[in-house]
Amino acid sequence: MNSSAQITATIDGVELSIPQDSTGFTLFTEKSVVALRVNGELRDLSYTISQADTVEPVHLESPDGLNILRHSAAHVLAQAVQTLNPEAKLGIGPPIKDGFYYDFDVDKPFTPEDLRALEKEMDRIIRSGQRFVRRVTNDAEASIELANEPYKIELIGLKSSTQDVGEASAEVGAGELTIYDNFDVKADSVVWKDLCRGPHLPNTRMIGNGYALTRVAAAYWRGNQTNKQLQRIYGTAWPSKEQLREHQVHLEEAAKRDHRRIGAELDLFSFPEEIGSGLAVFHPKGGIIRKVMEDYSRARHEQSGYEFVYSPHVTKANLFETSGHLEWYAEGMFPPLKLDEELDEEGNVKRQAQDYYLKPMNCPFHCLIYKSQNRSYRDLPLRMFEFGTVYRYEKSGVLHGITRARGFTQDDAHLYVARESIGVELTNVLNFVLDLLRDYGLTDFYLELSTKEEGNPKFVGSDEIWKEATATLAQVATDSGLELVPDPGGAAFYGPKISVQAKDAIGRTWQMSTIQLDFNLPERFDLEYTAPDGSKQRPVMIHRALFGSIERFFGVLTEHYAGHFPPWLSPVQVVGVPVADEFSSYLHGIATELRSSGVRIQIDDSDERMQKKIRNHTLSRVPYILIAGAEDIANDAVSFRFRDGSQINGVPRSEAIARILKDIAEKIQV
RNA sequence: GCCGACCUGGCGCAAUUGGUAGCGCAUCGCACUUGUAAUGCGAGGGUUAGGGGUUCGAGUCCCCUGGUCGGCUCCA
């Protein structure tokens with residue numbers, strides 16, 4: 001056998017001489033390599049290496065590898081759908097976090113039974129070991145070949161017109177237009193094909209059994225509300241069945257922590273249908289948690305130089321005309337109340353109605369407070385804080401328990417600062433925010449910096465001030481030492497912002513606090529202060545919410561702790577369980593002592609058995625159960641039982657009391 | 001707002017092809033007086049989210065309204 005000509009390429013970081021017809025298959029024989037990265041581009045394993053290429057293997061377990069796995073699974077799903085329903089038209093089918101989806105235009109929506117049938121068909125396709133074969137085509141040929149796929153034709157058109165194809169980049173992305181053929185070796189023929197940029201796994205068999213179809217939902221074609229709705233099937237896919245199972249366990253864990261479920265279980269809050277969608281009432285237990293949160297927040301704000309203000313829930317339209325909300329936020333507001341209209345006998349308007357609106361935001365009110373007197377540079381920074389209840393007419397489909405509601409209370413503050421002190425003030429605010437979040441038990445953060453989109457005329461304020469403010473925000477963020485993720489173009493039209501993203505106990509990320517600069521409202525309200533040189537200057541406003549909304553933060557904490565609130569937040573901090581009735585007066589004595597220090601303690605002297613009491617109070621997440629019987633009393637002691645079932649027996653009474661008080665005071669989780 | 005699924009005593013669930021609402025927990029009463037996750041017995045409680053329709057008959061079928069859930073879109 002002749003040795004073929006050699007070429008030189010960098011393979012996995014090493015420069016090697018390799019046969020000139022080398023492909024990923026010949027270079028990497030480990031089964032875990034599913035694709036290649038050639039000169040930075042993802043390629044199929046079958047890609048032929050050229051002279052001077054830099055080639056790296058893509059392992060199945062890597063982020064790229066997982067995406068390829070999931071993308072290939074999406075293809076198999078689409079093939080299964082068209083096998084079972086040849087009339088189904090293909091939309092797009094990209095990989096997403098943990099899985100994939102594929103959109104279809106079908107006459108009848110899919111049912112859960114359809115999903116089971118589709119999984120069966122997918123299994124068959126996977127087991128049949130079809131090869132994914134890449135084929136380069138062109139607009140004209142592809143259009144003929146895919147004449148029955150109107151959505152794909154549209155994508156081809158978009159690609160050639162170089163429009164932004166958004167999520168559809170998985171199908172037609174940059175570069176050549178390609179089709180992937182599914183080649184069935186046994187049948188010796190192409191059994192299915194899809195317009196796709198690739199790359200794919202070499203073979204359907206590699207998808208294995210670590211996948212599942214999860215749900216169906218409608219989705220607008222190309223994400224545009226004015227387009228037709230397609231039926232979307234979501235799936236999840238993993239390198240192994242075990243990893244799939246792990247993922248499912250994680251979802252179950254998340255479901256167990258769902259604040260809507262825990263809120264009902266622990267009797268924290270509810271959404272009575274009589275009140276209306278997205279409007280919650282807090283029950284006594286939820287009320288305690290909320291009050292403690294608010295009290296602590298107030299105390300901290302007080303220490304940090306904030307002044308407390310209050311504003312009404314309704315206002316005449318005029319205020320929101322000045323602020324601009326009616327111009328650009330009207331659809332997020334409840335419709336106006338029309339007041340004081342008077343008609344004469346003929347029904348003609350004698351006196352025109354006044355429109356009043358429920359406030360969707362507090363800032364305009366605070367601007368009026370600012371304006372209530374002439375301000376000096378000596379007054380700045382002026383920090384106004386309010387637990388301001390706002391009402392927003394969220395679309396019915398977006399409501400989600402207490403984290404996305406129609407009425408909620410923001411821990412809102414507006415800081416009016418001189419331009420030159422923005423940096424100092426922002427640093428203070430960010431430190432304040434992080435410090436307070438840590439007190440509530442969130443410790444894992446990163447920051448997101450949302451900046452102006454260059455060249456977009458919607459942004460108000462001079463380039464100069466944007467530049468300066470953005471640089472200041474970036475500096476402050478960098479100084480915090482936290483990871484900073486840029487969000488270019490994500491700024492509001494009126495100013496850049498930093499948002500704090502917090503990870504919860506099971507690794508989910510929640511957007512928490514936002515710190516937002518505003519060049520717009522000071523302008524609209526014509527806010528001024530007198531500078532040392534006697535000139536009138538315009539302050540900059542910083543909007544800042546720490547919890548975002550108390551309700552939302554409450555929901556996040558509920559999920560973070562899975563209802564096991566730390567003692568300082570627990571509605572009932574201690575329950576005393578006597579072994580028998582005769583011991584309850586001893587526990588009442590301890591309760592009196594604890595209660596005088598503000599501890600929320602109850603003695604359960606109902607006539608249930610003590611085992612039952614322990615079960616009940618454990619299920620209701622009481623941090624400390626104090627048990628006392630003859631033994632304990634003899635030693636002037638008490639026995640602790642914790643939520644996890646662990647216990648410490650015979651703790652001297654004074655020690656027990658000291659421990660409880662200390663844990664509460666230091667906000668320790670138990 | 002759009003698509004789909006769903007709504008049965010306080011909570012979680014059940015009720016063959018439409019045949020006239022059951023269970024567990026919780027609640028109340030009685031007994032038991034207990035050492036670490038459910039003591040026993042008994043009782044009360046729903047006309048099936050609200051309204052309309054089809055039918056001899058509707059929790060089951062159809063329509064409208066409200067609400068919930070999963071997505072889409074939205075969350076300056």
# chains A, B, ... in the order shown; residues from 1 in each chain; ligands from 1
>>> closest_atom_pairs(of="chain A", to="chain B", cutoff="7 Å", atoms="only C-alpha atoms (C1' of nucleotides)", output="JSON lines")
{"residue": "A:Ala217", "atom": "CA", "partner": "B:G71", "partner_atom": "C1'", "distance": 4.6}
{"residue": "A:Ala218", "atom": "CA", "partner": "B:C3", "partner_atom": "C1'", "distance": 4.8}
{"residue": "A:Ala219", "atom": "CA", "partner": "B:C72", "partner_atom": "C1'", "distance": 4.3}
{"residue": "A:Tyr220", "atom": "CA", "partner": "B:C72", "partner_atom": "C1'", "distance": 5.9}
{"residue": "A:Gln225", "atom": "CA", "partner": "B:U73", "partner_atom": "C1'", "distance": 5.8}
{"residue": "A:Gln229", "atom": "CA", "partner": "B:C3", "partner_atom": "C1'", "distance": 7.0}
{"residue": "A:Glu273", "atom": "CA", "partner": "B:G67", "partner_atom": "C1'", "distance": 6.1}
{"residue": "A:Lys395", "atom": "CA", "partner": "B:G1", "partner_atom": "C1'", "distance": 6.3}
{"residue": "A:Ala492", "atom": "CA", "partner": "B:A76", "partner_atom": "C1'", "distance": 5.6}
{"residue": "A:Val579", "atom": "CA", "partner": "B:G35", "partner_atom": "C1'", "distance": 6.0}
{"residue": "A:Ala580", "atom": "CA", "partner": "B:U34", "partner_atom": "C1'", "distance": 5.9}
{"residue": "A:Asp581", "atom": "CA", "partner": "B:U33", "partner_atom": "C1'", "distance": 6.7}
{"residue": "A:Arg609", "atom": "CA", "partner": "B:U34", "partner_atom": "C1'", "distance": 6.1}
{"residue": "A:Met610", "atom": "CA", "partner": "B:U34", "partner_atom": "C1'", "distance": 6.9}
{"residue": "A:Gln611", "atom": "CA", "partner": "B:U36", "partner_atom": "C1'", "distance": 6.4}
{"residue": "A:Lys612", "atom": "CA", "partner": "B:A38", "partner_atom": "C1'", "distance": 5.6}
{"residue": "A:Ile614", "atom": "CA", "partner": "B:A37", "partner_atom": "C1'", "distance": 6.3}
{"residue": "A:Arg615", "atom": "CA", "partner": "B:A37", "partner_atom": "C1'", "distance": 4.1}
{"residue": "A:Gly629", "atom": "CA", "partner": "B:G35", "partner_atom": "C1'", "distance": 7.0}
>>> residues_around(residues="Phe104 of chain A", least_positions_apart="6", cutoff="6 Å", atoms="only C-alpha atoms (C1' of nucleotides)", output="number ranges by chain")
A: 89-91, 230-231
>>> closest_residue(among="A:Ser450, A:Gln243, A:Gln352, A:Thr403", to="Phe554 of chain A", atoms="only C-alpha atoms")
A:Thr403
>>> select_by_dssp(residues="segment 425-599 of chain A", states="helix (DSSP H, G or I)", output="ChimeraX atom specification")
/A:425-439,463-479,521-524,550-561,581-596
>>> select_by_dssp(residues="segment 550-659 of chain A", states="strand (DSSP E)", output="MDAnalysis selection string")
chainID A and resid 574:578 601:603 624:628 637:642 647:652
>>> closest_residue(among="B:G10, B:G59, B:G19, B:G29", to="G45 of chain B", atoms="only C-alpha atoms (C1' of nucleotides)")
B:G10
>>> residues_around(residues="G9 of chain B", least_positions_apart="4", cutoff="12 Å", atoms="only C-alpha atoms (C1' of nucleotides)", output="list in words")
A21, G22, C23, A26, U27, G44, G45, G46, U47 and U48 of chain B
>>> residues_around(residues="segment 408-410 of chain A", least_positions_apart="5", cutoff="6 Å", atoms="only C-alpha atoms (C1' of nucleotides)", output="list of chain:residue names")
A:Phe387, A:Gly388, A:Thr389, A:Val390, A:Gly548, A:Ser549, A:Ile550
>>> residues_around(residues="Pro457 of chain A", least_positions_apart="5", cutoff="12 Å", atoms="only C-alpha atoms (C1' of nucleotides)", output="list in words")
Lys452, Ser462, Asp463, Phe493 and Tyr494 of chain A
>>> closest_residue(among="A:Ile465, A:Leu430, A:Ala9, A:Val670", to="Pro567 of chain A", atoms="only C-alpha atoms")
A:Val670
